[in-house]
Each structure stands twice: as C-alpha cells, then as structure tokens.
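Report on one structure; see the data block that follows.
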Amino acid sequence: MEFSPWVLFTDIGLICLLLIVGTIIRAKVGFVQRLFLPASIIAGILGLAFGPNGFGILPFSSQIATYPAILIAVIFGTLPLVSPRVDWNAIKTRVGSMWSYSQLAMLLLWGGGLFFALLFINPFWKDLNSGFGLILAAGFVGGHGTAAAIGSTFAQSGWEDATSLAMTSATIGIISAITIGILFIKRGSAKGQTSFLASFDDLPNELRTGLIPLESRKKSITDTVSPMSIDPYAFHLAIVMIIAMGGYSLSKLGVLLLPSVAIPAFSLAFLVGLVVKKIMNATNSEKYVSVDVITRISGSATDILVAFGIASISLSVVMDYIFPLALLFAFGLVYAYVFFAILSIRFFSEYWFEKGIFTWGWTTGTVAMGMALLRIVDPDAKSKTLDDYGLAYIPIAPVEIMLITFAPLLVINSQSWVFVGITFVFAIVIYLMAIKYKWLNRTSVK
C-alpha cells in the first residue's frame with residue numbers, strides 16, 4: 001500500500017482507538033489496575049497482537065516503526081522549555097546523596113550493560129551487533145522514548161533489528177518494574193523496612209482506575225495568548241513542532257556535511273530547544289509559554305510513541321535474539337536489585353526503602369513507574385523522594401542526553417570499550433565525591 005496523508009490519518013486514528021480502549025481496560029479490569037499498567041502500554045500490546053506483526057486485523061501501515069523516531073524529537077525538543085534553573089548549592093548540600101546515587105545508577109547501567117554483553121554475550125553469539133549491550137539501558141533506564149532514539153540511530157547505520165529489540169527491552173522493563181516492585185514492597189512491609197505503608201485498598205481510586213473525579217482535578221495554566229488571535233494549544237504546538245523540525249533539518253544538513261557522522265534528530269532538537277529558550281528569555285517572551293501545556297504536549301507524544309513503539313515490535317526478530325536477550329535482561333534485573341536492596345542503604349540514612357523502591361521503578365521502567373511504587377509506600381510524600389529526585393535530575397538530564405546521543409555513535413565507530421571506560425571512570429569519580437562530601441551513609445539501617 002502506497003503511503004499517503006490518508007494512510008497517516010488511519011494510523012493515528014487506529015492508535016487513538018487503542019489508547020481509548022486501553023484507558024477503559026485500565027479503568028474497569030481489576031488485575032490491570034493492580035499492575036498499574038499505563039493505557040499506552042495496553043494500547044501497544046493490543047496493537048502488537050492485532051496489528052501486522054500479530055493477527056493482522058488492524059490495518060496499520062508499514063510506517064508505524066518510523067513514528068517513534070519522529071515523536072522522540074518532539075519530546076526532546078520540549079525539555080529545555082520546561083527545565084528549571086540549576087541550583088548547584090542545593091544539589092551539593094541537600095540532595096547530594098540522591099544525585100550521586102541516581103547518576104551512578106544511570107551511568108553504570110549504560111556502561112555495565114555494554115560491558116556485560118561484550119564479555120559474556122557477544123563472544124558466544126558471533127552475529128550480534130557490538131552495540132547489543134546498549135539495548136538494556138535504552139529500554140530499562142530510558143523507557144520507550146530512549147528505545148526509539150537508540151533504535152533509530154542504529155537503524156541509520158544498518159542495524160534494523162535494534163528498534164524492535166529496544167522496544168522489547170522497554171516493555172519488559174516496565175512490566176518488571178511494577179510486578180517485581182510490588183513483591184519487594186510486600187516483603188519489605190513484612191520485615192518492617194517501610195516507613196509509611198499503604199495497601200492497595202488504601203490508595204485513592206483514581207490511582208487504580210486512572211480516572212480523576214471532578215473534585216480532585218487540578219487546574220492548568222493554558223491561556224497565555226488570546227484565542228481571538230490563536231488558540232493557546234495551537235500556539236504551543238507550533239513552538240514545539242518548529243523545534244522538532246529544526247532538529248530534523250539540522251540532522252539532514254549534518255549528513256550532507258559529514259556523511260560518516262549521523263547525529264540523531266532528537267539530540268539536535270534538544271539543542272534547538274535550548275536556543276529557542278535563550279531567545280525567549282532575551283526577548284522576555286517566555287512568560288507567554290505555559291509549562292503546563294508544553295508538558296501535556298510532551299506527555300501526549302510519549303503516550304503515542306509508546307503505543308506505536310510496542311505495536312511495531314517484530315516478534316520474529318525478538319525470537320531470533322531470545323536467548324541473548326534473556327541473559328541481558330537477567331543482568332539488568334540483578335543490577336537494579338543491587339541498587340535497590342544494597343546501595344540505597346549506603347546512600348540514604350533515612351527512608352532508604354522508599355527512595356530505593358522509587359529507583360527500582362525508574363531503573364527498570366520509567367519515572368512514572370517509580371512514582372507508582374512510591375505512592376504505595378509513601379502516599380503522603382513524607383519521604384520527599386520526588387522533591388529530591390526532581391532537584392537532583394537537573395544536572396543528570398544533560399548527562400542522560402549525552403549518553404543517548406554518543407553511546408551508539410561510539411559503538412558504531414568501533415569505540416565500544418572507550419565508552420565503557422568513560423562511564424566507569426566517571427562512576428568512580430562520582431563515588432569518590434560521595435565519600436568526600438559524606439553523601440554515603442555508613443551507619444546501620446533497619
């Protein structure tokens with residue numbers, strides 16, 4: 001079937017239908033509620049089952065695997081518009097433990113996953129791409145957005161299977177985050193390790209069903225411009241799309257100037273976003289940009305990306321890699337468990353379980369999964385875990401973007417061990433900083 005605007009329209013319509021079906025399933029089916037699976041995950045699984053990679057009932061086009069690469073440029077382009085200023089003093093004094101702990105978790109999963117694969121997987125499966133180990137971090141700590149980014153970068157260099165593998169990694173990661181995380185919570189509460197335990201029965205109904213009642217809804221600032229001139233959502237969407245298009249245009253220009261170096265569109269979209277933010281600050285026009293609306297646009301793009309990403313997974317490709325994938329995922333789960341059960345005790349003198357279970361959620365799934373687990377053990381946010389992580393993530397964000405951008409580029413250019421070495425060296429430096437500034441906890445914890 002020849003691709004056309006109507007084919008695109010049909011693809012979007014079908015994925016929107018699945019998102020609504022996923023929302024209804026989350027609201028009505030009990031076991032799905034207990035798993036805290038987002039509607040986008042449910043929609044993606046339905047798309048995979050009934051789309052061209054499954055029973056072939058839903059007439060998706062062959063382009064559904066391309067959409068995530070476009071959407072990730074949209075998502076990365078919004079980041080500079082919603083990021084606050086860095087308060088280095090607060091990071092050093094208040095949340096040093098959270099920053100060093102989280103940064104180590106991220107760095108070592110990227111470097112460690114590649115290191116593990118290079119030593120214990122690639123030598124036994126000779127046809128594996130040298131970047132196979134990056135699939136772990138791309139899906140686990142990155143989620144479907146990062147999986148789309150890494151997959152598209154490797155696809156440009158000829159490894160077409162990377163996208164399906166990365167999307168599989170992200171999907172397995174999210175399911176593991178919740179299902180295994182809940183088991184940890186049950187065991188931790190039985191051992192008295194939780195500080196504020198709430199059972200599923202005590203959680204607000206909207207957290208289980210995903211439907212927010214009228215009295216619990218929050219108001220958002222949307223009308224920064226008059227609808228008589230331009231609709232506020234159209235105004236904000238235009239800004240975001242200009243940034244994403246700028247990133248793509250620069251990427252195409254880069255290919256012409258440097259054919260041997262393919263810089264991903266999402267990374268350049270982030271740089272364009274920084275420039276746009278700078279221009280807004282200089283012209284005093286940033287006050288007309290609503291962080292709430294930009295966040296909603298980014299969130300919507302993420303949901304659609306996740307649904308398309310899972311629906312586009314090639315099951316035949318996954319089966320071809322099933323054994324090395326199983327080994328890689330097993331390593332990732334053990335790795336995340338070590339950070340949760342052992343290192344969280346070392347880094348946090350109080351509320352180690354709450355901060356550890358949150359980190360388990362985002363190192364295997366996404367920050368949203370970490371938040372879901374945290375709400376179970378800390379429903380009133382007394383541990384201040386999210387506050388600390390939000391502040392600590394400000395300097396982590398650029399490191400994450402550099403990892404996503406340069407990790408596959410180094411691997412493609414036969415510098416896999418260089419990347420592993422860089423991540424390990426920086427991890428050692430961060431650990432030594434944690435010792436120097438007493439971010440490590442050396443007292444006994446219950």
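Letters for chains follow the order of the structure tokens (A, B, ...), residue numbers begin at 1 for each chain, and ligand numbers begin at 1 in the order shown.
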
Region 223-300 of chain A residues near region 63-79 of chain A within 7 Å, closest pair each, using only C-alpha atoms, as a tab-separated table:
```
residue	atom	partner	partner_atom	distance
A:Val240	CA	A:Thr78	CA	6.3
A:Met241	CA	A:Val74	CA	6.7
A:Ile243	CA	A:Gly77	CA	5.8
A:Ala244	CA	A:Val74	CA	5.0
A:Ala265	CA	A:Ala73	CA	6.1
A:Phe266	CA	A:Ala73	CA	3.9
A:Ala269	CA	A:Gly77	CA	4.8
A:Phe270	CA	A:Gly77	CA	4.6
A:Gly273	CA	A:Gly77	CA	5.1
A:Ile294	CA	A:Thr78	CA	6.7
A:Ser298	CA	A:Ile75	CA	5.2
```

Residue neighbourhood region 41-48 of chain A, 12 Å, only C-alpha atoms, exclusion window fewer than 5 positions, as a PyMOL selection string | chain A and resi 11-12+14-27+29+32-33+35-36+53-61+64-65+143-144+164+167-168+170-175+302-315+365+369

Residues near region 150-154 of chain A, cut-off 6 Å, only C-alpha atoms, skip fewer than 4 positions along chain, as a list in words |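 Near region 150-154 of chain A, the qualifying residues are Trp159, Ala162 and Thr163 of chain A.
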
In region 243-280 of chain A, DSSP alpha helix (DSSP H) residues written as an MDAnalysis selection string = chainID A and resid 243:257 265:280

Contact residues around Met106 (chain A) with only C-alpha atoms at 9 Å, ignoring same-chain residues under 3 positions, as an MDAnalysis selection string = chainID A and resid 101:103 109:111 137 141 363 396 400

Long-range neighbours of region 332-341 of chain A as a PDB file with C-alpha atoms, in the first residue's frame, 8 Å cut-off, only C-alpha atoms, 4 positions minimum in chain:
```
ATOM      1  CA  ALA A 105      22.653   4.010  38.631  1.00  0.00           C
ATOM      2  CA  LEU A 109      23.651   0.620  33.593  1.00  0.00           C
ATOM      3  CA  GLY A 113      25.187  -3.386  30.190  1.00  0.00           C
ATOM      4  CA  LEU A 136      19.455  -2.883  28.115  1.00  0.00           C
ATOM      5  CA  PHE A 140      15.262  -0.138  31.172  1.00  0.00           C
ATOM      6  CA  LEU A 328      20.872  -9.294  29.142  1.00  0.00           C
ATOM      7  CA  ILE A 345      21.005   1.606  52.377  1.00  0.00           C
ATOM      8  CA  PHE A 353      13.322   1.749  51.255  1.00  0.00           C
ATOM      9  CA  GLY A 356      15.226   2.595  46.802  1.00  0.00           C
ATOM     10  CA  ILE A 357      11.876   1.318  45.530  1.00  0.00           C
ATOM     11  CA  THR A 359      14.827   3.972  41.963  1.00  0.00           C
ATOM     12  CA  TRP A 360      13.940   0.342  41.231  1.00  0.00           C
ATOM     13  CA  THR A 363      15.943   1.918  36.547  1.00  0.00           C
ATOM     14  CA  THR A 364      13.777  -0.896  35.197  1.00  0.00           C
TER      15      THR A 364
END
```

Which residues, written as an MDAnalysis selection string, have at least one atom at most 8 Å from Ile404 (chain A), with only C-alpha atoms counted and residues fewer than 2 positions away on the same chain left out?
-> chainID A and resid 138 146 149:150 400:402 406:408

Once you have the residues from the selection above, write them out as a PDB file, in the first residue's frame, restricted to N, CA and C atoms.
```
ATOM      1  N   ALA A 138      18.878   1.317  27.088  1.00  0.00           N
ATOM      2  CA  ALA A 138      17.943   2.026  26.216  1.00  0.00           C
ATOM      3  C   ALA A 138      16.513   1.749  26.617  1.00  0.00           C
ATOM      4  N   THR A 146      13.643   6.589  24.849  1.00  0.00           N
ATOM      5  CA  THR A 146      15.059   6.345  24.585  1.00  0.00           C
ATOM      6  C   THR A 146      15.245   5.150  23.659  1.00  0.00           C
ATOM      7  N   ALA A 149      14.956   6.377  20.278  1.00  0.00           N
ATOM      8  CA  ALA A 149      16.134   7.155  19.884  1.00  0.00           C
ATOM      9  C   ALA A 149      17.311   6.251  19.538  1.00  0.00           C
ATOM     10  N   ILE A 150      17.603   5.293  20.421  1.00  0.00           N
ATOM     11  CA  ILE A 150      18.728   4.385  20.182  1.00  0.00           C
ATOM     12  C   ILE A 150      18.461   3.521  18.952  1.00  0.00           C
ATOM     13  N   GLU A 400      22.310  12.345  30.668  1.00  0.00           N
ATOM     14  CA  GLU A 400      21.484  11.331  30.010  1.00  0.00           C
ATOM     15  C   GLU A 400      21.394  11.589  28.508  1.00  0.00           C
ATOM     16  N   ILE A 401      21.234  12.848  28.136  1.00  0.00           N
ATOM     17  CA  ILE A 401      21.145  13.180  26.711  1.00  0.00           C
ATOM     18  C   ILE A 401      22.448  12.858  25.990  1.00  0.00           C
ATOM     19  N   MET A 402      23.579  13.132  26.648  1.00  0.00           N
ATOM     20  CA  MET A 402      24.870  12.803  26.038  1.00  0.00           C
ATOM     21  C   MET A 402      25.042  11.294  25.897  1.00  0.00           C
ATOM     22  N   PHE A 406      25.704   9.854  22.265  1.00  0.00           N
ATOM     23  CA  PHE A 406      27.055   9.421  21.890  1.00  0.00           C
ATOM     24  C   PHE A 406      27.338   7.940  22.106  1.00  0.00           C
ATOM     25  N   ALA A 407      26.559   7.264  22.967  1.00  0.00           N
ATOM     26  CA  ALA A 407      26.801   5.832  23.174  1.00  0.00           C
ATOM     27  C   ALA A 407      26.709   5.049  21.865  1.00  0.00           C
ATOM     28  N   PRO A 408      25.596   5.162  21.121  1.00  0.00           N
ATOM     29  CA  PRO A 408      25.557   4.400  19.858  1.00  0.00           C
ATOM     30  C   PRO A 408      26.561   4.882  18.823  1.00  0.00           C
TER      31      PRO A 408
END
```

Using only C-alpha atoms, the shortest atom-to-atom distance to Leu373 (chain A) among A:Ala434, A:Val411, A:Leu386, A:Val420 belongs to A:Leu386

Neighbours of Ser220 (chain A) within 12 Å (only C-alpha atoms; same-chain residues fewer than 4 positions away dropped), as a short mmCIF file (atom, residue, chain, number, x, y, z; two decimals) with C-alpha atoms, in the first residue's frame?
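New file selection24.cif:
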```cif
data_model
loop_
_atom_site.label_atom_id
_atom_site.label_comp_id
_atom_site.auth_asym_id
_atom_site.auth_seq_id
_atom_site.Cartn_x
_atom_site.Cartn_y
_atom_site.Cartn_z
CA THR A 224 -1.22 32.65 27.69
CA SER A 290 2.88 27.66 29.58
CA VAL A 291 4.94 24.90 31.15
CA ASP A 292 1.68 23.03 31.82
CA VAL A 293 0.72 22.97 28.13
CA ILE A 294 4.23 22.07 26.94
CA THR A 295 4.32 19.24 29.48
CA ARG A 296 0.96 17.95 28.25
#
```

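The space separating CA of Pro123 (chain A) from CA of Asp320 (chain A) comes to 16.7 Å.
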
Which value, in Å to one decimal, gives the distance between CA of Arg375 (chain A) and CA of Ala166 (chain A)?
->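 Separating CA of Arg375 (chain A) from CA of Ala166 (chain A) is a distance of 27.9 Å.
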